[in-house]
>>> print(open('upload09.tsv').read())   # TSV, C-alpha atoms
chain	number	residue	atom	x	y	z
A	1	MET	CA	-0.21	101.85	-66.49
A	2	PRO	CA	2.97	99.91	-67.33
A	3	ASN	CA	3.35	98.09	-70.64
A	4	PRO	CA	2.89	94.32	-70.12
A	5	VAL	CA	4.95	93.60	-73.26
A	6	ALA	CA	8.71	93.57	-72.69
A	7	PHE	CA	9.67	93.23	-76.36
A	8	ASN	CA	8.67	91.63	-79.65
A	9	LEU	CA	10.56	88.65	-81.04
A	10	PHE	CA	9.84	87.75	-84.65
A	11	GLY	CA	6.36	89.23	-84.29
A	12	LEU	CA	5.65	87.45	-81.00
A	13	GLU	CA	4.97	89.56	-77.94
A	14	VAL	CA	7.21	88.53	-75.02
A	15	ARG	CA	5.48	89.63	-71.83
A	16	TRP	CA	6.96	90.66	-68.50
A	17	TYR	CA	4.64	88.20	-66.76
A	18	GLY	CA	6.36	85.21	-68.35
A	19	ILE	CA	9.85	86.68	-67.98
A	20	LEU	CA	9.40	87.31	-64.26
A	21	ILE	CA	7.93	83.86	-63.65
A	22	GLY	CA	10.89	82.36	-65.51
A	23	ILE	CA	13.37	84.33	-63.39
A	24	GLY	CA	11.57	83.20	-60.24
A	25	VAL	CA	11.70	79.53	-61.27
A	26	ILE	CA	15.44	79.71	-62.05
A	27	LEU	CA	16.25	81.38	-58.72
A	28	ALA	CA	14.04	78.92	-56.81
A	29	TYR	CA	15.88	76.01	-58.43
A	30	GLU	CA	19.33	77.41	-57.63
A	31	ILE	CA	18.36	78.11	-54.02
A	32	ALA	CA	16.85	74.65	-53.59
A	33	LYS	CA	19.99	73.08	-55.05
A	34	TYR	CA	22.18	75.03	-52.62
A	35	LEU	CA	20.04	74.07	-49.63
A	36	ALA	CA	19.91	70.40	-50.65
A	37	LYS	CA	23.70	70.31	-50.85
A	38	ARG	CA	23.96	71.98	-47.47
A	39	MET	CA	21.45	69.58	-45.94
A	40	GLY	CA	23.20	66.54	-47.36
A	41	THR	CA	20.26	64.11	-47.20
A	42	LEU	CA	18.72	64.82	-50.61
A	43	PRO	CA	20.64	64.11	-53.84
A	44	GLU	CA	20.83	66.99	-56.31
A	45	VAL	CA	19.41	64.79	-59.06
A	46	ALA	CA	16.22	64.50	-57.01
A	47	LEU	CA	15.64	68.23	-57.39
A	48	ASP	CA	16.28	68.04	-61.14
A	49	ASP	CA	13.80	65.21	-61.59
A	50	PHE	CA	11.21	66.81	-59.33
A	51	LEU	CA	11.36	70.23	-60.97
A	52	ILE	CA	11.06	68.78	-64.47
A	53	LEU	CA	7.65	67.51	-63.33
A	54	ALA	CA	6.66	70.19	-60.85
A	55	VAL	CA	7.18	73.32	-62.97
A	56	PRO	CA	4.82	72.47	-65.86
A	57	LEU	CA	2.32	70.71	-63.60
A	58	GLY	CA	2.47	73.60	-61.14
A	59	VAL	CA	1.63	76.08	-63.90
A	60	LEU	CA	-1.15	73.75	-65.04
A	61	GLY	CA	-2.49	73.52	-61.48
A	62	ALA	CA	-2.38	77.30	-61.07
A	63	ARG	CA	-4.31	77.76	-64.30
A	64	VAL	CA	-6.88	75.06	-63.55
A	65	TRP	CA	-7.53	76.57	-60.11
A	66	TYR	CA	-8.08	80.00	-61.64
A	67	VAL	CA	-10.34	78.72	-64.42
A	68	LEU	CA	-12.46	76.64	-62.03
A	69	PHE	CA	-13.30	79.66	-59.91
A	70	GLU	CA	-13.92	81.84	-62.97
A	71	TRP	CA	-15.94	79.19	-64.77
A	72	ASP	CA	-18.89	81.50	-65.44
A	73	TYR	CA	-16.59	83.46	-67.74
A	74	TYR	CA	-14.52	80.64	-69.23
A	75	SER	CA	-17.54	78.47	-69.95
A	76	GLN	CA	-18.52	81.18	-72.43
A	77	HIS	CA	-14.95	81.74	-73.71
A	78	MET	CA	-13.50	78.24	-73.95
A	79	SER	CA	-10.75	79.26	-76.37
A	80	GLU	CA	-9.21	81.50	-73.69
A	81	ILE	CA	-8.70	78.72	-71.14
A	82	ILE	CA	-5.17	77.98	-72.39
A	83	ASN	CA	-4.20	81.64	-72.78
A	84	ILE	CA	-2.05	82.47	-69.75
A	85	ARG	CA	-0.04	85.22	-71.41
A	86	GLN	CA	-2.13	87.94	-69.79
A	87	GLY	CA	-2.21	86.37	-66.33
A	88	GLY	CA	-4.77	84.15	-64.69
A	89	LEU	CA	-2.58	81.88	-62.56
A	90	ALA	CA	-3.66	81.24	-58.96
A	91	ILE	CA	-0.68	80.46	-56.74
A	92	HIS	CA	-2.70	78.21	-54.44
A	93	GLY	CA	-3.44	75.90	-57.35
A	94	GLY	CA	0.26	75.77	-58.19
A	95	ILE	CA	1.19	75.01	-54.57
A	96	MET	CA	-1.37	72.20	-54.35
A	97	ALA	CA	-0.13	70.70	-57.61
A	98	GLY	CA	3.48	70.95	-56.43
A	99	ILE	CA	2.69	69.23	-53.12
A	100	LEU	CA	0.89	66.40	-54.92
A	101	VAL	CA	3.77	65.95	-57.37
A	102	GLY	CA	6.25	65.98	-54.49
A	103	LEU	CA	4.35	63.38	-52.49
A	104	VAL	CA	4.07	61.02	-55.45
A	105	TYR	CA	7.67	61.57	-56.55
A	106	CYS	CA	9.14	61.03	-53.06
A	107	LYS	CA	6.99	57.93	-52.56
A	108	ARG	CA	8.28	56.40	-55.80
A	109	LYS	CA	11.94	57.38	-55.31
A	110	GLY	CA	12.21	56.75	-51.58
A	111	HIS	CA	13.05	60.32	-50.56
A	112	HIS	CA	11.64	62.02	-47.49
A	113	PHE	CA	8.97	64.47	-48.63
A	114	PHE	CA	9.78	67.07	-45.99
A	115	ASP	CA	13.48	67.08	-46.93
A	116	LEU	CA	12.36	68.07	-50.42
A	117	ALA	CA	9.71	70.53	-49.19
A	118	ASP	CA	12.12	72.26	-46.81
A	119	CYS	CA	14.59	72.84	-49.65
A	120	ILE	CA	11.92	74.10	-52.04
A	121	ALA	CA	10.01	76.46	-49.69
A	122	PRO	CA	12.50	79.39	-49.40
A	123	GLY	CA	13.04	79.62	-53.16
A	124	LEU	CA	9.34	79.19	-53.84
A	125	VAL	CA	8.32	82.16	-51.72
A	126	LEU	CA	11.08	84.25	-53.34
A	127	ALA	CA	9.71	83.29	-56.77
A	128	GLN	CA	6.23	84.33	-55.63
A	129	GLY	CA	7.58	87.73	-54.59
A	130	ILE	CA	9.19	88.22	-58.01
A	131	GLY	CA	6.14	86.94	-59.87
A	132	ARG	CA	3.87	89.51	-58.21
A	133	TRP	CA	5.57	92.20	-60.29
A	134	GLY	CA	4.21	90.42	-63.33
A	135	ASN	CA	0.75	91.18	-61.93
A	136	TYR	CA	1.74	94.83	-61.74
A	137	MET	CA	2.88	94.85	-65.36
A	138	ASN	CA	-0.47	93.31	-66.34
A	139	GLY	CA	-2.40	95.89	-64.31
A	140	GLU	CA	-3.96	93.24	-62.06
A	141	ALA	CA	-3.90	92.07	-58.42
A	142	HIS	CA	-4.44	95.54	-57.02
A	143	GLY	CA	-6.76	96.67	-54.23
A	144	GLY	CA	-9.52	99.16	-53.73
A	145	PRO	CA	-9.34	102.96	-53.47
A	146	THR	CA	-7.01	104.52	-50.89
A	147	ASP	CA	-5.47	107.89	-50.06
A	148	LEU	CA	-2.23	106.37	-48.76
A	149	PRO	CA	0.92	108.03	-50.18
A	150	TRP	CA	2.12	104.79	-51.82
A	151	ALA	CA	-1.12	104.24	-53.74
A	152	ILE	CA	-0.87	103.51	-57.47
A	153	LEU	CA	-3.07	104.95	-60.19
A	154	VAL	CA	-5.38	102.50	-62.01
A	155	ASP	CA	-7.97	103.85	-64.45
A	156	GLY	CA	-7.67	107.26	-62.83
A	157	VAL	CA	-8.24	105.95	-59.29
A	158	ARG	CA	-5.61	105.69	-56.52
A	159	VAL	CA	-5.68	102.12	-55.20
A	160	HIS	CA	-3.83	99.80	-52.84
A	161	PRO	CA	-0.80	98.17	-54.54
A	162	THR	CA	-1.64	94.76	-53.09
A	163	PHE	CA	0.84	93.10	-55.46
A	164	LEU	CA	3.54	95.16	-53.70
A	165	TYR	CA	2.28	94.22	-50.24
A	166	GLU	CA	2.52	90.55	-51.09
A	167	SER	CA	5.89	90.94	-52.78
A	168	ILE	CA	7.30	92.55	-49.63
A	169	LEU	CA	5.69	89.84	-47.49
A	170	ASP	CA	7.23	87.11	-49.66
A	171	LEU	CA	10.71	88.66	-49.60
A	172	CYS	CA	10.59	88.96	-45.80
A	173	ILE	CA	9.52	85.32	-45.45
A	174	PHE	CA	12.31	84.27	-47.82
A	175	ALA	CA	14.91	86.15	-45.76
A	176	LEU	CA	13.65	84.57	-42.53
A	177	LEU	CA	13.57	81.03	-43.92
A	178	PHE	CA	16.82	81.18	-45.88
A	179	PHE	CA	19.07	83.13	-43.52
A	180	TYR	CA	17.71	82.01	-40.16
A	181	VAL	CA	15.26	79.09	-39.99
A	182	PHE	CA	17.01	76.67	-42.37
A	183	LYS	CA	20.33	77.10	-40.55
A	184	ARG	CA	18.60	76.16	-37.29
A	185	ARG	CA	16.27	73.50	-38.67
A	186	LYS	CA	15.36	71.16	-35.82
A	187	PHE	CA	13.05	68.75	-37.63
A	188	ARG	CA	11.96	67.80	-41.11
A	189	GLY	CA	9.03	69.90	-42.24
A	190	GLN	CA	9.88	72.91	-40.07
A	191	VAL	CA	10.83	75.23	-42.95
A	192	PHE	CA	7.90	74.16	-45.13
A	193	ALA	CA	5.39	74.48	-42.29
A	194	LEU	CA	6.60	77.96	-41.34
A	195	TYR	CA	6.38	79.00	-44.99
A	196	GLY	CA	2.78	77.81	-45.16
A	197	ILE	CA	1.80	79.49	-41.88
A	198	LEU	CA	3.50	82.85	-42.47
A	199	TYR	CA	2.51	83.21	-46.12
A	200	SER	CA	-1.09	82.21	-45.44
A	201	ILE	CA	-1.50	84.67	-42.57
A	202	GLY	CA	-0.19	87.51	-44.69
A	203	ARG	CA	-2.17	86.46	-47.77
A	204	TYR	CA	-5.40	86.29	-45.76
A	205	PHE	CA	-5.21	89.98	-44.83
A	206	ILE	CA	-3.85	91.19	-48.18
A	207	GLU	CA	-6.58	89.31	-50.03
A	208	GLY	CA	-9.17	91.30	-48.10
A	209	LEU	CA	-7.95	94.45	-49.87
A	210	ARG	CA	-8.08	93.06	-53.42
A	211	THR	CA	-10.81	93.78	-55.91
A	212	ASP	CA	-10.24	90.79	-58.20
A	213	SER	CA	-10.50	87.88	-55.75
A	214	LEU	CA	-11.72	84.48	-56.88
A	215	MET	CA	-14.92	83.72	-54.96
A	216	ILE	CA	-16.83	80.78	-53.52
A	217	GLY	CA	-20.26	82.29	-53.03
A	218	PRO	CA	-19.76	85.29	-50.71
A	219	PHE	CA	-16.30	84.11	-49.58
A	220	ARG	CA	-12.89	84.86	-51.05
A	221	THR	CA	-11.30	81.61	-52.21
A	222	ALA	CA	-7.78	82.65	-51.22
A	223	GLN	CA	-8.88	83.49	-47.68
A	224	LEU	CA	-10.59	80.13	-47.20
A	225	THR	CA	-7.56	78.36	-48.64
A	226	SER	CA	-5.25	80.38	-46.40
A	227	ILE	CA	-7.20	79.33	-43.30
A	228	ALA	CA	-7.01	75.68	-44.37
A	229	LEU	CA	-3.25	75.95	-44.99
A	230	ILE	CA	-2.62	77.64	-41.64
A	231	ILE	CA	-4.39	74.79	-39.83
A	232	ALA	CA	-2.67	72.09	-41.92
A	233	CYS	CA	0.79	73.60	-41.47
A	234	LEU	CA	0.29	74.10	-37.73
A	235	VAL	CA	-0.53	70.39	-37.49
A	236	ILE	CA	2.58	69.55	-39.55
A	237	TYR	CA	4.72	71.75	-37.31
A	238	VAL	CA	3.48	70.16	-34.11
A	239	VAL	CA	3.44	66.54	-35.32
A	240	CYS	CA	6.79	66.69	-37.13
A	241	GLY	CA	8.33	68.59	-34.25
A	242	LYS	CA	7.56	65.64	-31.98
A	243	LYS	CA	8.44	62.82	-34.38
A	244	GLU	CA	11.17	64.07	-36.72
A	245	LYS	CA	13.89	65.51	-34.49
A	246	LEU	CA	17.20	65.93	-36.35
>>> encode(input="upload09.tsv", output="structure tokens")
Amino acid sequence: MPNPVAFNLFGLEVRWYGILIGIGVILAYEIAKYLAKRMGTLPEVALDDFLILAVPLGVLGARVWYVLFEWDYYSQHMSEIINIRQGGLAIHGGIMAGILVGLVYCKRKGHHFFDLADCIAPGLVLAQGIGRWGNYMNGEAHGGPTDLPWAILVDGVRVHPTFLYESILDLCIFALLFFYVFKRRKFRGQVFALYGILYSIGRYFIEGLRTDSLMIGPFRTAQLTSIALIIACLVIYVVCGKKEKL
């Protein structure tokens, strides 16, 4: 298994998980800034103000989501709730927190939410693809046993590298949104809605291979959330496509 610690700084372990998340956030910001400038309807300062709020609250949302669905464990280990150094961030919680922050921020500042969301979506999915390698370094987010040639070895067992499947999925979605869809954007919300639909479809099937899924009774939380997001984003695509022509 890989070493989750990149290096030690004054006795403090600096982990790959945090480094990769940081790289993803920086790239997402730069991409969003470039797209906002290209779009011309969203001031650059809006992205600065939004991200100052969205990044910490997104991490908080991702952690809260994870802890809620692992409450049986954390209720007995309360001191570990704030320890995210070894993983334990659920992307759906971060997305929900980011959407809520964006809605409130745009309402207060008078910006169009879908202008902001369309700029953020391509960089966000790229950041997700990068962040999945932090799961690999932590030895988490893998699937069950397989004999496929690209299997990875975990505790002596060859398993599906589901972190890799999702990373590839995310990079493909990023390429589609950034190099094709955004250039041909026909209505506000189109890029964001396609991100939600495509990512959720892929995540639904990849989640079915994982062995560490968060659960609601007999159901995988990420699969239920993916279904809800597919429906919501299809509605956004149809409604915005009729009302928000550019």
>>> residues_near_point(input="upload09.tsv", point="(0.7, 105.0, -57.2)", cutoff="12 Å", atoms="all atoms listed in the file", output="PyMOL selection string")
chain A and resi 1-2+136+139+142-143+145-162+164
>>> closest_atom_pairs(input="upload09.tsv", of="segment 47-144 of chain A", to="segment 225-230 of chain A", cutoff="12 Å", atoms="all atoms listed in the file", output="Markdown table")
| residue | atom | partner | partner_atom | distance |
| --- | --- | --- | --- | --- |
| A:Trp65 | CA | A:Thr225 | CA | 11.6 |
| A:Ala90 | CA | A:Thr225 | CA | 11.4 |
| A:Ile91 | CA | A:Thr225 | CA | 10.8 |
| A:His92 | CA | A:Thr225 | CA | 7.6 |
| A:Gly93 | CA | A:Thr225 | CA | 9.9 |
| A:Ile95 | CA | A:Leu229 | CA | 10.6 |
| A:Met96 | CA | A:Leu229 | CA | 10.3 |
>>> residues_around(input="upload09.tsv", residues="Tyr195 of chain A", least_positions_apart="4", cutoff="7 Å", atoms="all atoms listed in the file", output="ChimeraX atom specification")
/A:121,191,199
>>> atom_distance(input="upload09.tsv", atom1="atom CA of Val67 of chain A", atom2="atom CA of Leu126 of chain A")
24.7 Å
>>> closest_residue(input="upload09.tsv", among="A:Leu60, A:Leu214, A:Leu224, A:Leu171", to="Tyr73 of chain A", atoms="only C-alpha atoms")
A:Leu214
>>> decode(input="upload09.tsv", residues="segment 66-216 of chain A", atoms="C-alpha atoms", output="compact mmCIF listing (two decimals), in the first residue's frame")
# COMPACT_ATOMS: atom_id res chain seq x y z
CA TYR A 66 -19.77 11.47 6.32
CA VAL A 67 -20.11 11.62 10.10
CA LEU A 68 -23.92 11.55 9.98
CA PHE A 69 -23.94 8.31 8.01
CA GLU A 70 -21.22 6.79 10.20
CA TRP A 71 -22.80 7.96 13.44
CA ASP A 72 -22.75 4.51 15.04
CA TYR A 73 -18.96 4.77 15.02
CA TYR A 74 -18.50 8.47 15.74
CA SER A 75 -21.01 8.49 18.58
CA GLN A 76 -18.54 6.22 20.37
CA HIS A 77 -15.44 8.15 19.19
CA MET A 78 -16.47 11.80 19.47
CA SER A 79 -12.89 13.08 19.53
CA GLU A 80 -12.35 11.77 15.99
CA ILE A 81 -15.17 13.80 14.42
CA ILE A 82 -12.85 16.71 13.58
CA ASN A 83 -9.99 14.50 12.39
CA ILE A 84 -10.12 14.61 8.59
CA ARG A 85 -6.42 13.96 8.03
CA GLN A 86 -7.02 10.30 7.26
CA GLY A 87 -10.03 10.86 5.00
CA GLY A 88 -13.72 10.76 5.75
CA LEU A 89 -15.06 13.47 3.42
CA ALA A 90 -18.17 12.68 1.39
CA ILE A 91 -18.27 14.68 -1.84
CA HIS A 92 -22.06 14.82 -1.90
CA GLY A 93 -22.05 16.70 1.39
CA GLY A 94 -19.54 19.16 -0.03
CA ILE A 95 -21.61 19.67 -3.19
CA MET A 96 -24.79 20.29 -1.18
CA ALA A 97 -23.00 22.79 1.04
CA GLY A 98 -21.52 24.54 -2.00
CA ILE A 99 -24.92 24.82 -3.68
CA LEU A 100 -26.47 26.28 -0.53
CA VAL A 101 -23.64 28.79 -0.13
CA GLY A 102 -23.94 29.73 -3.80
CA LEU A 103 -27.69 30.28 -3.61
CA VAL A 104 -27.43 32.47 -0.53
CA TYR A 105 -24.43 34.39 -1.86
CA CYS A 106 -25.99 35.08 -5.28
CA LYS A 107 -29.26 36.12 -3.66
CA ARG A 108 -27.47 38.67 -1.46
CA LYS A 109 -25.14 40.00 -4.18
CA GLY A 110 -27.58 40.00 -7.08
CA HIS A 111 -25.68 37.53 -9.27
CA HIS A 112 -27.35 34.81 -11.32
CA PHE A 113 -26.78 31.50 -9.53
CA PHE A 114 -26.41 29.49 -12.74
CA ASP A 115 -23.76 31.87 -14.10
CA LEU A 116 -21.75 31.04 -11.00
CA ALA A 117 -22.57 27.31 -11.08
CA ASP A 118 -21.65 26.98 -14.76
CA CYS A 119 -18.23 28.52 -14.09
CA ILE A 120 -17.59 26.35 -11.03
CA ALA A 121 -18.73 22.95 -12.39
CA PRO A 122 -15.83 22.11 -14.79
CA GLY A 123 -13.15 22.92 -12.21
CA LEU A 124 -15.08 21.16 -9.47
CA VAL A 125 -15.22 17.85 -11.32
CA LEU A 126 -11.51 18.16 -12.16
CA ALA A 127 -10.78 18.70 -8.45
CA GLN A 128 -12.83 15.60 -7.64
CA GLY A 129 -10.76 13.57 -10.09
CA ILE A 130 -7.53 14.76 -8.46
CA GLY A 131 -8.86 14.27 -4.94
CA ARG A 132 -9.67 10.60 -5.61
CA TRP A 133 -5.93 9.89 -5.64
CA GLY A 134 -5.90 11.01 -2.03
CA ASN A 135 -8.26 8.09 -1.36
CA TYR A 136 -5.74 5.80 -3.01
CA MET A 137 -2.91 7.11 -0.84
CA ASN A 138 -5.09 6.48 2.22
CA GLY A 139 -5.93 2.95 1.08
CA GLU A 140 -9.66 3.69 0.88
CA ALA A 141 -12.48 3.99 -1.69
CA HIS A 142 -11.64 0.70 -3.37
CA GLY A 143 -13.97 -2.06 -4.53
CA GLY A 144 -14.41 -5.75 -3.98
CA PRO A 145 -12.30 -8.66 -5.28
CA THR A 146 -11.64 -8.94 -9.02
CA ASP A 147 -9.35 -10.80 -11.41
CA LEU A 148 -9.17 -7.90 -13.87
CA PRO A 149 -5.60 -7.05 -14.98
CA TRP A 150 -5.78 -3.51 -13.55
CA ALA A 151 -6.78 -4.68 -10.06
CA ILE A 152 -4.82 -3.29 -7.10
CA LEU A 153 -3.61 -5.26 -4.10
CA VAL A 154 -5.22 -4.40 -0.73
CA ASP A 155 -4.45 -6.58 2.30
CA GLY A 156 -3.32 -9.35 -0.02
CA VAL A 157 -6.50 -9.30 -2.12
CA ARG A 158 -6.82 -8.02 -5.72
CA VAL A 159 -9.68 -5.50 -5.78
CA HIS A 160 -11.37 -3.00 -8.08
CA PRO A 161 -9.57 0.39 -8.06
CA THR A 162 -12.85 2.29 -7.84
CA PHE A 163 -10.98 5.49 -6.96
CA LEU A 164 -9.34 5.19 -10.40
CA TYR A 165 -12.65 4.55 -12.15
CA GLU A 166 -14.10 7.72 -10.67
CA SER A 167 -10.96 9.73 -11.36
CA ILE A 168 -11.13 8.76 -15.05
CA LEU A 169 -14.86 9.52 -15.10
CA ASP A 170 -14.25 12.96 -13.58
CA LEU A 171 -11.45 13.83 -16.01
CA CYS A 172 -13.62 12.84 -18.98
CA ILE A 173 -16.50 14.98 -17.71
CA PHE A 174 -14.11 17.90 -17.17
CA ALA A 175 -12.80 17.62 -20.74
CA LEU A 176 -16.34 17.52 -22.14
CA LEU A 177 -17.57 20.49 -20.10
CA PHE A 178 -14.48 22.66 -20.46
CA PHE A 179 -13.52 22.07 -24.08
CA TYR A 180 -16.93 21.54 -25.64
CA VAL A 181 -20.07 22.32 -23.64
CA PHE A 182 -19.04 25.68 -22.14
CA LYS A 183 -18.01 27.00 -25.56
CA ARG A 184 -21.47 26.12 -26.88
CA ARG A 185 -23.48 27.05 -23.80
CA LYS A 186 -27.03 27.83 -24.91
CA PHE A 187 -28.62 28.65 -21.56
CA ARG A 188 -27.69 29.35 -17.97
CA GLY A 189 -27.47 26.15 -15.96
CA GLN A 190 -26.58 23.93 -18.92
CA VAL A 191 -23.00 23.21 -17.80
CA PHE A 192 -23.95 22.67 -14.16
CA ALA A 193 -26.89 20.41 -15.04
CA LEU A 194 -24.79 18.25 -17.36
CA TYR A 195 -22.15 17.96 -14.66
CA GLY A 196 -24.75 16.76 -12.17
CA ILE A 197 -26.31 14.27 -14.61
CA LEU A 198 -23.08 12.78 -15.98
CA TYR A 199 -21.26 12.56 -12.66
CA SER A 200 -24.26 11.06 -10.89
CA ILE A 201 -24.81 8.38 -13.53
CA GLY A 202 -21.18 7.32 -13.35
CA ARG A 203 -21.06 7.51 -9.55
CA TYR A 204 -24.18 5.35 -9.24
CA PHE A 205 -22.53 2.41 -11.02
CA ILE A 206 -19.07 2.88 -9.50
CA GLU A 207 -20.58 3.04 -6.01
CA GLY A 208 -22.05 -0.41 -6.56
CA LEU A 209 -18.51 -1.82 -6.68
CA ARG A 210 -17.26 -0.18 -3.48
CA THR A 211 -16.90 -1.93 -0.16
CA ASP A 212 -16.91 1.15 2.07
CA SER A 213 -20.18 2.83 1.06
CA LEU A 214 -22.13 4.96 3.51
CA MET A 215 -25.51 3.29 4.02
CA ILE A 216 -29.13 4.18 4.74
